[in-house]
Amino acid sequence: MPTLSRRTVLAATATALTTLPVLSANAHADEPRPQAYRWRNVAIGGTGFVTGVLFHPTAPGLAYARTDIGGAYRWDARAARWTPLTDHLGWDDWNLLGVEALAVDPVHPNRLYLALGTYAQSWAGNGAILRSDDRGATWTRTDLTVKLGANEDGRGMGERLLVDPRDSDTLWLGTRHDGLLKSTDRGATWAAATGFPATPAASGQGVTLLVAVGRAVYAGWGDADGRAGAVNLYRTTDGTAWAAVPGQPTGTSAKIPVRAAHDRHARELYVTYADAPGPNGQADGSVHKLSTVTGRWTEVTPVHPGGGDTFGYGGVAVDARRPGTVVVSTNNRWAAVDTLYRTADGGRTWTSLKDTAVLDVSETPFLKWGGDQPKFGWWIQAVAIDPHDSKHVVYGTGATLYGTRDLVHWAPRVRGLEETSVVQLVSPPVGEAHLLSGSGDIGVLYHERLTASPARGMATNPVFGSATGLAQAAGRPAYVVRTGWGDHGNGAFSNDGGRTWAPFAAQPSLAHDAPGPIAANADGSVLLWSFVHWDGTKYPAHRSDDNGATWTEIPSFPKGATPVADPADPTLFYAYDTDTGTLQASTDSGRTFTARATGLPAGDSQFQLVAAPGRSGDLWLSVKGNGLYRSTDGGVTFTKVASCRAAYTLGFGKAADGARYPAVYLVGSTESSTAVHRSDDEAGTWVRINDDRHQWGWTGQAITGDPRVYGRVYLATNGRGIQYGEPLR
């Protein structure tokens with residue numbers, strides 16, 4: 001990971017854009033009018049890191065959740081599902097889909113604030129503040145001059161955003177590298193907070209948490225070294241002067257304050273600590289409480305890490321109805337598995353809720369991870385107790401959000417919350433499932449229904465963490481192959497359309513460390529497997545003509561390229577060499593490749609080559625801002641498509657009534673803004689099919705139409721799962 005750059009902030013921009021909701025910054029009057037589409041998530045259920053959960057302290061049934069790359073959500077208690085709040089963020093705002101922090105106003109229940117910014121790296125854009133007066137239905141935006149890091153180390157800490165307990169117009173924002181910021185106009189403008197004594201570090205965590213304690217504000221600091229006398233917790237009682245909290249714990253187990261919660265009845269502040277920001281890398285931690293009346297600190301750690309049982313502490317929540325009742329979570333506890341500890345006596349004794357937990361994941365079967373039993377969770381840094389129901393507890397994990405109403409029976413509470421990062425989509429022309437998908441973290445899924453999480457869970461035999469390849473034999477659709485990162489094999493095949501799988505009998509030695517994309521020829525008799533390491537290193541592709549029993553290197557195949565099978569002729573394969581801008585083709589079933597068209601755009605490994613279904617040699621090449629190219633002679637020549645200014649990913653679906661060519665779906669631009677388009681006349685003309693409320697940040701990985709349903713399209717997102725759209729009749 002590149003070194004984070006330090007920035008010195010004097011004041012953030014005062015420019016605020018008011019919208020209903022925030023509209024695309026790229027809107028252009030000459031662009032095609034959108035066709036009315038209904039957009040929904042293909043149901044999977046969670047699948048990503050829920051980094052924060054917040055119940056409103058006074059409004060029953062009102063709660064919010066934040067994620068590291070998939071935006072923010074509001075809980076709809078009547079419908080028992082989450083409503084996404086940031087889908088309006090478009091292509092140019094992809095870095096704002098990560099939510100660093102959220103805040104509510106205890107006095108004004110309709111007010112909501114989000115601090116957005118996924119990466120704090122030099123190549124990422126600055127963060128932004130969204131503020132709403134209607135619980136996230138509409139937003140006003142202020143762009144910051146600093147970077148935030150919702151998908152960086154320490155993303156489970158917080159909250160880093162707070163409404164001042166003495167003045168609802170005053171907000172505080174803790175940053176990673178630019179200190180503490182303050183706004184006195186409800187987030188419209190920001191400036192460095194005067195009097196805050198801590199000095200930011202170039203690669204540090206900065207302010208890790210902000211919490212109101214009566215009329216005081218406490219701020220955690222993540223850049224102290226943990227030695228005796230080091231300061232990692234500050235407070236202000238007047239909003240101006242800040243000072244170290246006296247007597248605060250020090251040492252490795254209390255190096256970084258992770259989260260804090262105030263028991264206003266007992267007048268005690270609970271703080272969880274760890275020796276690293278997390279969610280990975282923590283090996284020590286502790287829990288302490290501060291009497292805000294006497295100033296006395298007491299350690300109340302449930303279990304001390306040690307020996308082979310290493311971990312830190314993460315989430316903490318207090319019961320607003322029962323003084324002294326607190327729930328804390330462990331984090332990064334891989335040996336004994338993470339748990340929640342609960343106390344009803346102020347931390348004198350604790351009970352592990354995992355030990356009596358009954359987990360029901362029937363609504364999201366992938367949580368069994370290819371086995372028989374689900375896991376209680378990992379990366380548990382978000383914990384919340386409903387202030388109106390003491391037994392209603394929720395906690396976030398790296399893959400879901402669990403909830404209970406009796407402290408024993410737990411089930412995912414993720415309807416409407418979809419955070420998958422999707423990398424492959426296949427819509428079969430026949431069979432039970434209309435969709436197969438490959439994703440980060442949850443491998444390959446067989447979607448027998450679009451409205452329910454796949455009943456089979458993750459594809460097994462073997463189980464993959466993240467998928468790298470998914471392909472179907474065009475003339476033999478029951479035959480499907482997949483590749484990915486796995487501990488017990490990296491490639492598999494299916495003879496029933498992806499319902500069940502078997503591993504390849506053998507695999508090249510490169511497969512374990514660099515599993516890349518795969519292709520099957522039209523009749524499924526030949527496989528080509530390309531190899532790319534996660535760091536980008538490219539290796540020679542291999543070929544199998546016996547269903548993966550043996551493999552042979554292909555010296556003439558361009559290293560790292562994605563193999564593409566001709567859908568009509570089983571002897572033809574194609575590959576686009578992005579290093580040289582050359583189309584390579586094979587006419588001998590993938591044994592050798594030779595150059596055809598040259599001089600095409602080069603230099604980007606994300607350029608995509610696809611073949612039109614049912615036709616031989618009909619190739620489409622998406623080359624981002626260089627536009628869209630098409631060949632109808634198997635890559636001998638290419639012609640630039642005049643109607644398309646930029647093309648990122650392209651796919652095909654069922655043709656319109658009376659049309660002789662499949663519908664073409666495109667993520668790209670025909671004028672100035674990047675959007676989702678459909679063409680029913682071979683890219684002669686386009687119609688935009690998403691709108692400014694449905695943009696989902698970056699969507700350039702994969703798109704495909706449904707070959708059986710005209711107008712239906714499936715779209716891969718990076719953090720908002722699979723979106724599917726259908727024309728409104």
# chains A, B, ... in the order shown; residues from 1 in each chain; ligands from 1
>>> residues_around(residues="region 228-239 of chain A", least_positions_apart="2", cutoff="9 Å", atoms="only C-alpha atoms", output="JSON, numbers by chain")
{"A": [164, 166, 196, 197, 198, 215, 216, 217, 218, 219, 220, 221, 222, 223, 224, 225, 226, 241, 242, 243, 244, 245, 246, 248, 249, 250, 251, 254, 255, 256, 257]}
>>> residues_around(residues="Ser525 (chain A)", least_positions_apart="6", cutoff="10 Å", atoms="only C-alpha atoms", output="list in words")
Ala473, Arg476, Tyr479, Ser544, Asp545, Asp546, Asn547, Pro570, Thr571 and Ser589 of chain A
>>> closest_atom_pairs(of="region 656-718 of chain A", to="region 429-451 of chain A", cutoff="9 Å", atoms="only C-alpha atoms", output="JSON lines")
{"residue": "A:Asp706", "atom": "CA", "partner": "A:His434", "partner_atom": "CA", "distance": 7.2}
{"residue": "A:Pro707", "atom": "CA", "partner": "A:Pro429", "partner_atom": "CA", "distance": 5.5}
{"residue": "A:Arg708", "atom": "CA", "partner": "A:Pro429", "partner_atom": "CA", "distance": 6.3}
{"residue": "A:Tyr714", "atom": "CA", "partner": "A:Leu435", "partner_atom": "CA", "distance": 8.4}
{"residue": "A:Ala716", "atom": "CA", "partner": "A:Ser437", "partner_atom": "CA", "distance": 9.0}
>>> residues_around(residues="Cys644 (chain A)", least_positions_apart="5", cutoff="9 Å", atoms="only C-alpha atoms", output="list in words")
Gly627, Leu628, Gly668, Ser669, Thr670, Glu671, Ala683 and Trp686 of chain A
>>> select_by_dssp(residues="region 236-299 of chain A", states="strand (DSSP E or B)", output="list in words")
Thr236, Ala243, Ala244, Ile256, Pro257, Val258, Arg259, Ala260, Ala261, His262, Asp263, Glu268, Leu269, Tyr270, Val271, Thr272, Tyr273, Ala274, Gly285, Ser286, Val287, His288, Lys289, Leu290, Ser291, Trp297, Thr298 and Glu299 of chain A
>>> write_last_selection(atoms="N, CA and C atoms", output="PDB file, in the first residue's frame")
ATOM      1  N   THR A 236     -12.941  18.184  25.654  1.00  0.00           N
ATOM      2  CA  THR A 236     -13.237  19.594  25.819  1.00  0.00           C
ATOM      3  C   THR A 236     -14.571  19.728  26.523  1.00  0.00           C
ATOM      4  N   ALA A 243      -7.852  19.132  26.395  1.00  0.00           N
ATOM      5  CA  ALA A 243      -6.793  18.665  27.289  1.00  0.00           C
ATOM      6  C   ALA A 243      -6.832  17.151  27.365  1.00  0.00           C
ATOM      7  N   ALA A 244      -5.699  16.583  27.720  1.00  0.00           N
ATOM      8  CA  ALA A 244      -5.638  15.136  27.906  1.00  0.00           C
ATOM      9  C   ALA A 244      -6.516  14.724  29.075  1.00  0.00           C
ATOM     10  N   ILE A 256      -4.441   2.157  21.267  1.00  0.00           N
ATOM     11  CA  ILE A 256      -5.352   2.899  20.397  1.00  0.00           C
ATOM     12  C   ILE A 256      -6.785   2.773  20.908  1.00  0.00           C
ATOM     13  N   PRO A 257      -7.439   3.886  21.228  1.00  0.00           N
ATOM     14  CA  PRO A 257      -8.861   3.815  21.567  1.00  0.00           C
ATOM     15  C   PRO A 257      -9.684   3.549  20.306  1.00  0.00           C
ATOM     16  N   VAL A 258     -10.465   2.478  20.313  1.00  0.00           N
ATOM     17  CA  VAL A 258     -11.187   2.046  19.123  1.00  0.00           C
ATOM     18  C   VAL A 258     -12.590   2.626  19.084  1.00  0.00           C
ATOM     19  N   ARG A 259     -13.332   2.430  20.154  1.00  0.00           N
ATOM     20  CA  ARG A 259     -14.694   2.953  20.247  1.00  0.00           C
ATOM     21  C   ARG A 259     -14.994   3.322  21.700  1.00  0.00           C
ATOM     22  N   ALA A 260     -16.049   4.113  21.881  1.00  0.00           N
ATOM     23  CA  ALA A 260     -16.437   4.537  23.223  1.00  0.00           C
ATOM     24  C   ALA A 260     -17.945   4.685  23.290  1.00  0.00           C
ATOM     25  N   ALA A 261     -18.500   4.469  24.478  1.00  0.00           N
ATOM     26  CA  ALA A 261     -19.940   4.616  24.701  1.00  0.00           C
ATOM     27  C   ALA A 261     -20.173   5.130  26.111  1.00  0.00           C
ATOM     28  N   HIS A 262     -21.148   6.034  26.250  1.00  0.00           N
ATOM     29  CA  HIS A 262     -21.413   6.685  27.530  1.00  0.00           C
ATOM     30  C   HIS A 262     -22.671   6.118  28.167  1.00  0.00           C
ATOM     31  N   ASP A 263     -22.522   5.620  29.380  1.00  0.00           N
ATOM     32  CA  ASP A 263     -23.657   5.199  30.207  1.00  0.00           C
ATOM     33  C   ASP A 263     -24.079   6.414  31.026  1.00  0.00           C
ATOM     34  N   GLU A 268     -20.706   6.864  33.405  1.00  0.00           N
ATOM     35  CA  GLU A 268     -19.436   6.202  33.124  1.00  0.00           C
ATOM     36  C   GLU A 268     -19.225   6.122  31.608  1.00  0.00           C
ATOM     37  N   LEU A 269     -17.979   6.287  31.209  1.00  0.00           N
ATOM     38  CA  LEU A 269     -17.599   6.183  29.806  1.00  0.00           C
ATOM     39  C   LEU A 269     -16.797   4.903  29.613  1.00  0.00           C
ATOM     40  N   TYR A 270     -17.260   4.048  28.706  1.00  0.00           N
ATOM     41  CA  TYR A 270     -16.555   2.804  28.397  1.00  0.00           C
ATOM     42  C   TYR A 270     -15.759   2.992  27.113  1.00  0.00           C
ATOM     43  N   VAL A 271     -14.509   2.524  27.121  1.00  0.00           N
ATOM     44  CA  VAL A 271     -13.626   2.658  25.964  1.00  0.00           C
ATOM     45  C   VAL A 271     -12.983   1.308  25.669  1.00  0.00           C
ATOM     46  N   THR A 272     -13.047   0.888  24.423  1.00  0.00           N
ATOM     47  CA  THR A 272     -12.332  -0.313  23.990  1.00  0.00           C
ATOM     48  C   THR A 272     -11.016   0.097  23.345  1.00  0.00           C
ATOM     49  N   TYR A 273     -10.004  -0.763  23.531  1.00  0.00           N
ATOM     50  CA  TYR A 273      -8.664  -0.467  23.042  1.00  0.00           C
ATOM     51  C   TYR A 273      -8.096  -1.665  22.292  1.00  0.00           C
ATOM     52  N   ALA A 274      -7.111  -1.360  21.433  1.00  0.00           N
ATOM     53  CA  ALA A 274      -6.354  -2.404  20.748  1.00  0.00           C
ATOM     54  C   ALA A 274      -4.958  -1.870  20.467  1.00  0.00           C
ATOM     55  N   GLY A 285      -5.428  -6.062  23.480  1.00  0.00           N
ATOM     56  CA  GLY A 285      -6.452  -5.059  23.696  1.00  0.00           C
ATOM     57  C   GLY A 285      -6.999  -5.103  25.105  1.00  0.00           C
ATOM     58  N   SER A 286      -7.881  -4.165  25.409  1.00  0.00           N
ATOM     59  CA  SER A 286      -8.447  -4.083  26.754  1.00  0.00           C
ATOM     60  C   SER A 286      -9.707  -3.228  26.730  1.00  0.00           C
ATOM     61  N   VAL A 287     -10.419  -3.234  27.851  1.00  0.00           N
ATOM     62  CA  VAL A 287     -11.611  -2.410  28.026  1.00  0.00           C
ATOM     63  C   VAL A 287     -11.480  -1.674  29.354  1.00  0.00           C
ATOM     64  N   HIS A 288     -11.728  -0.375  29.326  1.00  0.00           N
ATOM     65  CA  HIS A 288     -11.634   0.444  30.530  1.00  0.00           C
ATOM     66  C   HIS A 288     -12.877   1.322  30.625  1.00  0.00           C
ATOM     67  N   LYS A 289     -13.174   1.734  31.862  1.00  0.00           N
ATOM     68  CA  LYS A 289     -14.270   2.679  32.046  1.00  0.00           C
ATOM     69  C   LYS A 289     -13.801   3.832  32.919  1.00  0.00           C
ATOM     70  N   LEU A 290     -14.355   5.008  32.641  1.00  0.00           N
ATOM     71  CA  LEU A 290     -14.034   6.228  33.351  1.00  0.00           C
ATOM     72  C   LEU A 290     -15.274   6.743  34.061  1.00  0.00           C
ATOM     73  N   SER A 291     -15.172   6.943  35.365  1.00  0.00           N
ATOM     74  CA  SER A 291     -16.242   7.621  36.086  1.00  0.00           C
ATOM     75  C   SER A 291     -16.143   9.102  35.780  1.00  0.00           C
ATOM     76  N   TRP A 297     -10.386   5.824  36.674  1.00  0.00           N
ATOM     77  CA  TRP A 297     -10.387   4.805  35.638  1.00  0.00           C
ATOM     78  C   TRP A 297     -10.367   3.419  36.269  1.00  0.00           C
ATOM     79  N   THR A 298     -11.116   2.497  35.652  1.00  0.00           N
ATOM     80  CA  THR A 298     -11.140   1.108  36.106  1.00  0.00           C
ATOM     81  C   THR A 298     -11.037   0.202  34.899  1.00  0.00           C
ATOM     82  N   GLU A 299     -10.118  -0.760  34.961  1.00  0.00           N
ATOM     83  CA  GLU A 299     -10.057  -1.728  33.869  1.00  0.00           C
ATOM     84  C   GLU A 299     -11.133  -2.782  34.066  1.00  0.00           C
TER      85      GLU A 299
END
>>> closest_residue(among="A:Leu97, A:Leu367, A:Leu62, A:Leu114", to="Ser132 (chain A)", atoms="only C-alpha atoms")
A:Leu114
